[in-house]
Number of protein chains: 4
Amino acid sequence: MSKKLKVGILGATGLVGQRLALLLEDHPWFEVTDLAASDKSTGKSYEESCSWKLPYPMPVNIMRIPVKPVKPNLDCDFVFSSLPSIIAGEIECSFARAGYPVISNSSSYRMEPDIPLVIPEINCDHLDLIPFQQKNRNFDKGFIITNPNCTTIALALSLAPVVKSFGVNSVQVTSMQALSGAGQNGISSLDIIDNVLPYIANEEEKVETEPLKLFGNLRKDTVEYANFIISAQCNRVNVSDGHMLTVSVNLQTKAGEKQIESAFNSYISPIHYMKLPSAPEYPVVVTSEKDRPQPRLDRYISDGMACVVGRIRKCKVSDYKYVVLSHNTIRGAAGAAILNAELLKVKGFI
Amino acid sequence: MSKKLKVGILGATGLVGQRLALLLEDHPWFEVTDLAASDKSTGKSYEESCSWKLPYPMPVNIMRIPVKPVKPNLDCDFVFSSLPSIIAGEIECSFARAGYPVISNSSSYRMEPDIPLVIPEINCDHLDLIPFQQKNRNFDKGFIITNPNCTTIALALSLAPVVKSFGVNSVQVTSMQALSGAGQNGISSLDIIDNVLPYIANEEEKVETEPLKLFGNLRKDTVEYANFIISAQCNRVNVSDGHMLTVSVNLQTKAGEKQIESAFNSYISPIHYMKLPSAPEYPVVVTSEKDRPQPRLDRYISDGMACVVGRIRKCKVSDYKYVVLSHNTIRGAAGAAILNAELLKVKGFI
Amino acid sequence: MSKKLKVGILGATGLVGQRLALLLEDHPWFEVTDLAASDKSTGKSYEESCSWKLPYPMPVNIMRIPVKPVKPNLDCDFVFSSLPSIIAGEIECSFARAGYPVISNSSSYRMEPDIPLVIPEINCDHLDLIPFQQKNRNFDKGFIITNPNCTTIALALSLAPVVKSFGVNSVQVTSMQALSGAGQNGISSLDIIDNVLPYIANEEEKVETEPLKLFGNLRKDTVEYANFIISAQCNRVNVSDGHMLTVSVNLQTKAGEKQIESAFNSYISPIHYMKLPSAPEYPVVVTSEKDRPQPRLDRYISDGMACVVGRIRKCKVSDYKYVVLSHNTIRGAAGAAILNAELLKVKGFI
Amino acid sequence: MSKKLKVGILGATGLVGQRLALLLEDHPWFEVTDLAASDKSTGKSYEESCSWKLPYPMPVNIMRIPVKPVKPNLDCDFVFSSLPSIIAGEIECSFARAGYPVISNSSSYRMEPDIPLVIPEINCDHLDLIPFQQKNRNFDKGFIITNPNCTTIALALSLAPVVKSFGVNSVQVTSMQALSGAGQNGISSLDIIDNVLPYIANEEEKVETEPLKLFGNLRKDTVEYANFIISAQCNRVNVSDGHMLTVSVNLQTKAGEKQIESAFNSYISPIHYMKLPSAPEYPVVVTSEKDRPQPRLDRYISDGMACVVGRIRKCKVSDYKYVVLSHNTIRGAAGAAILNAELLKVKGFI
């Protein structure tokens with residue numbers, strides 16, 4: 001076990017950084033050795049500098065680690081980045097240039113042609129962009145891979161069985177997103193008590209485009225986007241964790257209700273047999289109770305790594321509609337990045 | 001002032017009954033004289049029997065009125081009914097048979113061919129079904145008219161300018177509905193704290209069908225339904241009052257963005273010049289702020305009688321999409337019924 | 001009506017500034033003519049610079065007023081200050097020095113010996129400190145008066161009948177305070193959802209000391225503090241507006257339950273007969289319902305200017321205990337300042 | 001492992017019944033074999049009859065158990081009762097009479113002189129009332145023991161170090177209680193959104209009396225109550241789980257701040273060395289962060305079986321004050337009953 005890979009977390013004191021630290025507490029392959037955050041935290045221990053906000057205690061083994069500046073001189077085998085988008089671009093590039101594999105949760109590079117945007121269950125082959133990226137950008141051993149936006153992940157995972165079995169022409173999605181998606185101080189309490197916010201900056205654009213890259217085909221050094229269309233309406237609701245989406249899908253190949261249900265229920269992802277430590281047994285869990293999924297009751301199903309689909313039924317306008325829930329800071333962020341790291345390891349990239 | 005019509009409220013102690021009582025407090029045409037509720041309230045004064053739950057004081061002039069059984073021997077010119085659906089059908093019929101005009105908020109008769117389902121701004125001519133209804137059902141002077149479900153009202157009002165200017169082929173709607181829509185004790189606090197409920201019994205069916213009758217054409221003694229299609233996904237969120245809907249519309253006659261905005265902004269309803277006391281100056285209020293409407297901030301616009309539309313923009317799948325908010329127990333229930341009563345009076349039916 | 005006094009608001013874009021603007025919309029004596037706020041708002045109209053967050057529309061007559069820097073060159077007869085404490089001290093002094101009466105809601109000067117800390121119903125005579133203050137500080141026509149902290153106001157108002165009738169030895173108070181007390185962005189939504197915060201910076205100190213000045217006796221140029229003791233435990237709960245307090249009082253003169261209730265119910269404040277426009281008819285409203293007051297249902301009683309006392313009963317440890325509610329941004333801040341201004345006018349200070 | 005004691009749960013479908021089932025899932029000594037609930041559940045499997053509302057899945061091993069009527073013919077070694085108080089009295093007695101040890105969470109028998117009211121860390125010796133009870137009531141092998149009310153438990157546990165080290169004269173407590181304390185449907189969402197409820201039926205009486213029995217001295221066949229006094233003010237706040245209390249204590253033996261802190265920090269309970277499976281390592285956990293404990297972040301400390309004390313400081317009116325949090329359905333109900341059962345086993349009563 002002394003062979004665990006050493007991990008650095010960039011943006012370690014933020015909400016996703018905290019989730020990463022928590023999820024990696026007893027990871028079989030990885031060990032957190034370096035925590036980096038903005039200057040005001042530097043020099044202090046993680047315990048001192050971090051305003052820990054998760055309902056589980058801070059892992060004891062990282063409390064004493066001193067927080068370092070976010071500079072590419074960390075002693076680790078690769079880094080997770082949960083930096084704010086506004087600064088992530090430059091910093092992540094500097095780490096990749098310095099030889100670090102960068103597994104990023106930020107949006108800066110997601111749609112760049114030579115950067116893999118990956119959900120292991122959907123497009124694990126897109127990692128093959130890495131050598132082209134390294135050549136393109138003159139990276140030596142370093143590289144950058146990204147996971148999608150938290151709402152995209154819920155949508156894309158739930159679409160995977162449908163895309164695979166029937167193909168999709170178009171998707172309408174309305175999200176009811178949790179507060180943690182905006183970070184620890186993103187939403188003021190007075191803005192959300194007894195309220196719904198019908199706007200999340202840049203969110204609809206991400207949800208309408210990222211899935212097309214995810215479901216796209218790798219053509220040597222580039223991804224040919226999937227050719228369906230998505231329309232998204234994104235809202236913030238008074239929920240701590242767990243994004244809920246209502247989805248309507250128009251299918252390429254028409255299908256009966258039993259076929260649809262069977263597609264969801266029998267879906268096995270391409271990485272099923274890899275048994276990655278953070279992979280849920282089934283990435284799409286189907287509930288048959290008429291009033292489920294619900295964020296408070298279902299967000300921790302499969303340790304927060306599955307999406308939960310319910311109320312699959314005919315749609316008068318599209319073909320089918322359903323509801324999907326996924327934990328936005330686990331499956332939608334920290335857990336997504338860790339799963340990507342596990343895939344990289346199995347594929348020999350780290 | 002002695003000429004005010006005398007009003008009875010059936011189901012006076014419930015949440016919609018309380019709203020009715022409050023909204024009628026200083027009504028220029030109507031005066032509450034009779035309050036009827038279930039047996040356990042009977043005999044006591046309204047103040048004693050009613051667990052008043054509105055954030056405004058109970059009107060002083062009705063506190064002492066004794067609550068009567070819900071039987072058609074009230075001393076009033078017409079009745080509002082906010083009875084639970086399960087008992088409304090029989091009771092409302094008994095009142096109509098006994099000669100009372102019944103203005104109902106319950107769902108029992110909404111889709112009956114000879115019962116007007118009315119939003120004054122949309123289909124005030126449907127009141128002309130009343131004589132046919134009276135003949136059909138052997139009612140003498142009594143009759144029944146209904147207003148739609150609270151979610152339908154928000155949707156239909158917001159669609160009115162679009163249907164009128166361009167026609168509609170199909171509508172996709174996702175609702176985020178307030179707690180008061182389920183009545184005072186409808187939703188347990190533990191079911192909604194930090195949560196969203198993705199199911200509301202019978203709601204989607206109502207939202208998918210009632211607008212077709214509302215926008216239908218009166219053909220002598222029957223309504224020919226509008227021929228567009230609606231798909232609804234209804235959710236409960238942790239908001240006290242104010243239903244929010246995301247809507248996507250496919251138009252019959254294609255139109256540019258400016259035309260759409262202009263249709264919303266310049267919309268004048270057919271009853272605009274009647275100046276009904278409870279009618280909002282504009283039933284559709286358009287907000288240009290990117291993160292509005294919001295339930296807590298906007299639900300009382302125009303005293304809760306307008307719907308507020310925001311974020312009108314192109315939809316990649318349909319033609320246009322937008323958000324709409326309306327106060328579900330005012331515009332969506334008590335206020336809707338009162339507006340119907342005002343229309344009846346102007347048209348000479350009461 | 002051209003004789004209305006011209007009013008400036010310092011800190012006009014904050015939450016209390018907005019409440020001041022709203023409450024002054026149709027004030028019979030005062031008219032808002034100047035709005036001042038931090039530099040980033042300067043130059044723009046109030047409508048453009050202010051992120052309006054009240055559930056009522058911004059008053060039309062102030063939308064177009066250009067926001068000015070917070071400097072003592074405003075064209076007005078006096079100013080309300082709702083500036084953050086951190087900058088209020090210096091700025092308020094500069095206004096007073098420049099000849100403006102300053103009616104402050106901030107904490108900077110509250111406990112200064114020559115600055116009146118006033119609740120009109122409790123200590124309107126303390127305004128007589130003003131001439132001493134002016135002499136002390138070399139103010140010419142300008143001066144500063146303050147109202148207490150929002151929690152203090154609820155406590156002190158509710159204690160007024162008890163102090164007057166029986167005297168008080170000690171008070172134990174636990175507060176459950178609303179979010180708006182911390183300002184628009186004071187409390188993050190993730191910090192309060194499904195939660196209680198048992199700490200509010202500096203709050204307990206204020207609640208334990210300010211009432212002693214309020215109930216103190218004016219001795220010529222100074223206030224002799226009241227000699228009872230207060231212990232406060234302050235908490236934040238998930239409520240938008242309305243501070244709730246549980247209070248236990250030990251009396252100087254022992255009294256029976258009927259005497260206590262009668263003291264509350266028959267309490268007439270010293271300013272009762274002044275009929276100040278913003279004064280509630282009764283500053284202490286007593287409710288006899290066993291589960292009231294409640295913030296959502298009772299905070300707007302008397303337009304939010306009364307405190308509502310309930311559950312008056314014997315205490316096994318002290319003598320009596322009760323619950324009190326008051327609207328923290330109306331009675332506890334903006335309304336308190338306006339009432340002080342009205343008192344100043346009647347007393348001839350402005 | 002075949003030697004596990006067989007356990008029945010009376011009231012198995014309620015919220016505390018569900019917690020019992022969950023906490024007993026992998027218990028080393030006990031095994032749930034019988035589930036009993038009201039008639040409407042009878043005959044169906046637990047999975048069918050129970051509307052499971054915990055954010056963790058129902059234990060697989062009890063899903064198929066058929067729910068039985070609440071009658072004393074269950075095949076088990078003892079029963080937990082989480083029946084509603086209104087019916088608990090008679091039923092629990094019938095079970096005891098039929099020979100079952102009854103470990104009750106309901107309030108019916110708590111204050112009966114011959115029924116032990118037990119928190120193991122406080123008064124484990126009170127179990128010695130059992131033989132007297134059996135004689136008194138003509139029970140053969142059966143008997144009844146109870147745990148206190150959920151708010152009492154938080155208060156009493158936190159008082160334990162103080163009572164032991166210094167003695168107590170009086171206690172003032174204000175509670176901010178969670179929704180789950182009222183059961184799954186106890187509090188309507190409209191009653192608590194943006195609100196606080198200042199009244200909980202019968203709660204203050206329980207909190208003011210139960211601790212006196214808990215801290216009382218066993219005198220052969222009766223408990224001599226502790227002779228301090230408690231005054232309680234109980235409120236409901238919008239929190240799912242976790243009761244928060246502010247407490248002020250007047251000490252018998254005066255003590256300095258360091259002594260107090262040391263009493264809390266060094267407190268070892270009398271059952272510490274028994275290593276009961278459900279006992280927290282330390283029943284009183286002290287936090288030094290100025291804004292903790294908080295329900296959402298701290299309720300699961302020590303698996304929800306500890307109380308968390310914070311903000312210990314001088315009180316101007318009493319001697320010391322502090323805040324305490326405890327998980328009301330774990331430490332305050334289901335976990336309390338299980339811990340009592342474990343104590344009974346170690347002491348040879350079951």
# chains A, B, ... in the order shown; residues from 1 in each chain; ligands from 1
$ interface_residues --of "chain D" --to "chain C" --cutoff "6 Å" --atoms "only C-alpha atoms" --output "list in words"
Asp194, Asn195, Val196, Leu197, Pro198, Tyr199, Ser231, Val239, Asp291, Gln294, Pro295, Arg296, Lys316 and Val317 of chain D
$ write_last_selection --atoms "N, CA, C and O atoms" --output "short mmCIF file (atom, residue, chain, number, x, y, z; two decimals), in the first residue's frame"
data_model
loop_
_atom_site.label_atom_id
_atom_site.label_comp_id
_atom_site.auth_asym_id
_atom_site.auth_seq_id
_atom_site.Cartn_x
_atom_site.Cartn_y
_atom_site.Cartn_z
N ASP D 194 -40.08 29.74 6.60
CA ASP D 194 -39.83 31.15 6.96
C ASP D 194 -40.45 31.47 8.34
O ASP D 194 -41.00 32.54 8.53
N ASN D 195 -40.33 30.53 9.28
CA ASN D 195 -41.07 30.68 10.53
C ASN D 195 -40.41 29.97 11.71
O ASN D 195 -39.50 29.16 11.54
N VAL D 196 -40.88 30.33 12.90
CA VAL D 196 -40.53 29.65 14.15
C VAL D 196 -41.85 29.45 14.89
O VAL D 196 -42.69 30.35 14.89
N LEU D 197 -42.04 28.28 15.51
CA LEU D 197 -43.24 28.04 16.30
C LEU D 197 -42.86 28.06 17.77
O LEU D 197 -42.05 27.23 18.21
N PRO D 198 -43.43 28.97 18.56
CA PRO D 198 -42.97 29.14 19.94
C PRO D 198 -43.70 28.25 20.93
O PRO D 198 -43.78 28.59 22.11
N TYR D 199 -44.22 27.15 20.49
CA TYR D 199 -45.00 26.31 21.41
C TYR D 199 -44.96 24.87 20.94
O TYR D 199 -45.16 24.58 19.75
N SER D 231 -36.44 25.87 34.21
CA SER D 231 -37.47 26.58 33.46
C SER D 231 -37.17 26.43 31.98
O SER D 231 -36.05 26.71 31.54
N VAL D 239 -35.60 22.84 10.95
CA VAL D 239 -34.44 21.95 10.89
C VAL D 239 -35.00 20.53 10.87
O VAL D 239 -35.97 20.25 11.56
N ASP D 291 -18.79 29.30 16.57
CA ASP D 291 -20.13 29.24 15.99
C ASP D 291 -20.65 27.82 15.87
O ASP D 291 -21.48 27.51 15.02
N GLN D 294 -23.70 23.18 15.27
CA GLN D 294 -24.78 23.50 14.34
C GLN D 294 -25.46 22.19 13.94
O GLN D 294 -24.76 21.21 13.65
N PRO D 295 -26.79 22.18 13.86
CA PRO D 295 -27.48 20.92 13.57
C PRO D 295 -27.01 20.23 12.28
O PRO D 295 -26.70 19.04 12.29
N ARG D 296 -26.93 20.99 11.19
CA ARG D 296 -26.63 20.32 9.91
C ARG D 296 -25.22 19.75 9.89
O ARG D 296 -24.97 18.71 9.28
N LYS D 316 -24.18 36.54 32.97
CA LYS D 316 -24.32 37.63 33.93
C LYS D 316 -25.43 37.38 34.95
O LYS D 316 -25.40 37.93 36.04
N VAL D 317 -26.41 36.60 34.58
CA VAL D 317 -27.55 36.38 35.47
C VAL D 317 -27.38 35.08 36.27
O VAL D 317 -27.48 35.07 37.49
#
$ select_by_dssp --residues "region 14-135 of chain C" --states "strand (DSSP E or B)" --output "list in words"
Phe30, Glu31, Val32, Thr33, Asp34, Leu35, Ala36, Ser45, Pro66, Val67, Lys68, Phe78, Val79, Phe80, Ser81, Pro101, Val102, Ile103, Ser104 and Leu117 of chain C
$ select_by_dssp --residues "region 21-235 of chain B" --states "helix (DSSP H, G or I)" --output "number ranges by chain"
B: 21-23, 39-41, 46-49, 60-63, 85-97, 120-136, 150-166, 179-182, 189-192, 203-214
$ closest_residue --among "D:Ser107, D:Thr209, D:Ser51, D:Ser158" --to "Val308 (chain D)" --atoms "only C-alpha atoms"
D:Ser158
$ atom_distance --atom1 "CA of Gly142 (chain C)" --atom2 "CA of Ala182 (chain C)"
29.3 Å
$ residues_around --residues "Ala12 (chain C)" --least-positions-apart "5" --cutoff "7 Å" --atoms "only C-alpha atoms" --output "JSON, numbers by chain"
{"C": [17, 18, 35, 36, 37]}
$ residues_around --residues "Gly11 (chain A)" --least-positions-apart "4" --cutoff "12 Å" --atoms "only C-alpha atoms" --output "ChimeraX atom specification"
/A:15-21,34-42,46,49-50,67-71,79-85,87-88,91-92,104-106,183,334
$ write_last_selection --atoms "N, CA, C and O atoms" --output "compact mmCIF listing (two decimals), in the first residue's frame"
# COMPACT_ATOMS: atom_id res chain seq x y z
N LEU A 15 -15.52 24.21 -1.57
CA LEU A 15 -16.48 23.16 -1.29
C LEU A 15 -16.14 21.87 -2.03
O LEU A 15 -16.22 20.78 -1.47
N VAL A 16 -15.76 21.97 -3.30
CA VAL A 16 -15.39 20.77 -4.05
C VAL A 16 -14.05 20.24 -3.56
O VAL A 16 -13.85 19.02 -3.45
N GLY A 17 -13.14 21.13 -3.20
CA GLY A 17 -11.87 20.70 -2.61
C GLY A 17 -12.10 19.89 -1.35
O GLY A 17 -11.44 18.86 -1.10
N GLN A 18 -13.04 20.32 -0.53
CA GLN A 18 -13.36 19.59 0.70
C GLN A 18 -13.94 18.21 0.39
O GLN A 18 -13.62 17.21 1.03
N ARG A 19 -14.82 18.17 -0.61
CA ARG A 19 -15.39 16.87 -1.02
C ARG A 19 -14.29 15.95 -1.51
O ARG A 19 -14.29 14.75 -1.21
N LEU A 20 -13.37 16.48 -2.31
CA LEU A 20 -12.26 15.67 -2.79
C LEU A 20 -11.49 15.10 -1.61
O LEU A 20 -11.20 13.89 -1.56
N ALA A 21 -11.16 15.97 -0.66
CA ALA A 21 -10.39 15.52 0.50
C ALA A 21 -11.13 14.42 1.25
O ALA A 21 -10.55 13.42 1.68
N ASP A 34 -0.65 16.81 -0.84
CA ASP A 34 -0.44 18.24 -1.02
C ASP A 34 -1.77 18.95 -1.16
O ASP A 34 -2.65 18.50 -1.91
N LEU A 35 -1.89 20.05 -0.45
CA LEU A 35 -3.12 20.85 -0.51
C LEU A 35 -2.71 22.27 -0.88
O LEU A 35 -1.87 22.87 -0.20
N ALA A 36 -3.29 22.78 -1.94
CA ALA A 36 -2.91 24.11 -2.37
C ALA A 36 -4.15 24.98 -2.46
O ALA A 36 -5.23 24.52 -2.84
N ALA A 37 -4.00 26.23 -2.05
CA ALA A 37 -5.14 27.15 -2.09
C ALA A 37 -4.63 28.58 -2.20
O ALA A 37 -3.41 28.82 -2.27
N SER A 38 -5.56 29.50 -2.21
CA SER A 38 -5.19 30.90 -2.44
C SER A 38 -4.28 31.41 -1.33
O SER A 38 -4.21 30.84 -0.24
N ASP A 39 -3.61 32.51 -1.62
CA ASP A 39 -2.56 33.01 -0.74
C ASP A 39 -2.98 33.17 0.72
O ASP A 39 -2.21 32.91 1.62
N LYS A 40 -4.21 33.58 0.93
CA LYS A 40 -4.59 33.87 2.32
C LYS A 40 -4.57 32.61 3.20
O LYS A 40 -4.54 32.70 4.41
N SER A 41 -4.61 31.42 2.58
CA SER A 41 -4.54 30.18 3.37
C SER A 41 -3.10 29.72 3.57
O SER A 41 -2.82 28.93 4.47
N THR A 42 -2.23 30.18 2.73
CA THR A 42 -0.88 29.64 2.67
C THR A 42 -0.13 29.76 4.00
O THR A 42 -0.19 30.79 4.66
N TYR A 46 -4.07 22.84 7.05
CA TYR A 46 -5.38 22.72 6.42
C TYR A 46 -6.49 22.98 7.43
O TYR A 46 -7.44 23.70 7.16
N SER A 49 -6.75 26.73 8.00
CA SER A 49 -7.08 27.64 6.89
C SER A 49 -8.43 27.33 6.28
O SER A 49 -9.02 28.15 5.61
N CYS A 50 -8.95 26.15 6.55
CA CYS A 50 -10.16 25.72 5.86
C CYS A 50 -11.38 25.82 6.76
O CYS A 50 -11.40 25.29 7.87
N VAL A 67 -0.99 24.20 4.01
CA VAL A 67 -1.53 24.60 2.71
C VAL A 67 -0.47 25.38 1.94
O VAL A 67 0.16 26.29 2.48
N LYS A 68 -0.26 24.99 0.70
CA LYS A 68 0.77 25.62 -0.13
C LYS A 68 0.13 26.55 -1.16
O LYS A 68 -1.06 26.45 -1.45
N PRO A 69 0.97 27.42 -1.75
CA PRO A 69 0.46 28.23 -2.85
C PRO A 69 0.16 27.34 -4.05
O PRO A 69 0.74 26.26 -4.18
N VAL A 70 -0.71 27.83 -4.93
CA VAL A 70 -1.10 27.02 -6.09
C VAL A 70 -0.05 27.19 -7.18
O VAL A 70 -0.28 27.85 -8.21
N LYS A 71 1.09 26.60 -6.95
CA LYS A 71 2.19 26.68 -7.93
C LYS A 71 2.73 25.30 -8.21
O LYS A 71 2.72 24.43 -7.34
N VAL A 79 -2.54 16.08 -10.01
CA VAL A 79 -3.36 17.01 -9.22
C VAL A 79 -4.81 16.99 -9.67
O VAL A 79 -5.11 16.80 -10.85
N PHE A 80 -5.68 17.17 -8.68
CA PHE A 80 -7.08 17.52 -8.96
C PHE A 80 -7.20 19.03 -8.88
O PHE A 80 -6.65 19.64 -7.96
N SER A 81 -7.92 19.61 -9.79
CA SER A 81 -8.14 21.05 -9.73
C SER A 81 -9.61 21.36 -9.56
O SER A 81 -10.45 20.97 -10.38
N SER A 82 -9.91 22.05 -8.48
CA SER A 82 -11.28 22.57 -8.32
C SER A 82 -11.19 24.08 -8.14
O SER A 82 -11.89 24.67 -7.33
N LEU A 83 -10.31 24.68 -8.93
CA LEU A 83 -10.13 26.13 -8.88
C LEU A 83 -11.30 26.85 -9.52
O LEU A 83 -11.96 26.30 -10.42
N PRO A 84 -11.57 28.07 -9.09
CA PRO A 84 -12.59 28.87 -9.78
C PRO A 84 -12.21 29.06 -11.24
O PRO A 84 -11.03 29.27 -11.55
N SER A 85 -13.19 29.02 -12.13
CA SER A 85 -12.94 29.10 -13.57
C SER A 85 -12.08 30.30 -13.93
O SER A 85 -11.24 30.24 -14.82
N ILE A 87 -9.58 31.66 -12.66
CA ILE A 87 -8.13 31.53 -12.57
C ILE A 87 -7.63 30.16 -13.01
O ILE A 87 -6.44 29.93 -13.16
N ALA A 88 -8.58 29.23 -13.21
CA ALA A 88 -8.18 27.85 -13.48
C ALA A 88 -7.36 27.72 -14.75
O ALA A 88 -6.38 26.97 -14.81
N ILE A 91 -3.51 28.52 -14.46
CA ILE A 91 -2.82 27.69 -13.47
C ILE A 91 -2.76 26.23 -13.93
O ILE A 91 -1.72 25.58 -13.85
N GLU A 92 -3.89 25.72 -14.42
CA GLU A 92 -3.89 24.32 -14.84
C GLU A 92 -2.88 24.11 -15.96
O GLU A 92 -2.17 23.09 -16.01
N SER A 104 -9.28 18.10 -13.96
CA SER A 104 -9.92 19.36 -13.64
C SER A 104 -11.42 19.26 -13.58
O SER A 104 -12.04 18.59 -14.40
N ASN A 105 -11.97 19.95 -12.60
CA ASN A 105 -13.42 20.08 -12.50
C ASN A 105 -13.88 21.44 -13.01
O ASN A 105 -15.07 21.73 -13.03
N SER A 106 -12.94 22.27 -13.44
CA SER A 106 -13.37 23.62 -13.83
C SER A 106 -13.72 23.65 -15.32
O SER A 106 -13.43 22.72 -16.07
N GLY A 183 -21.07 26.94 -4.87
CA GLY A 183 -19.99 27.13 -3.90
C GLY A 183 -20.51 27.55 -2.54
O GLY A 183 -21.69 27.88 -2.38
N ALA A 334 -16.56 16.32 -7.39
CA ALA A 334 -15.39 15.66 -6.80
C ALA A 334 -15.32 14.18 -7.19
O ALA A 334 -14.27 13.68 -7.58
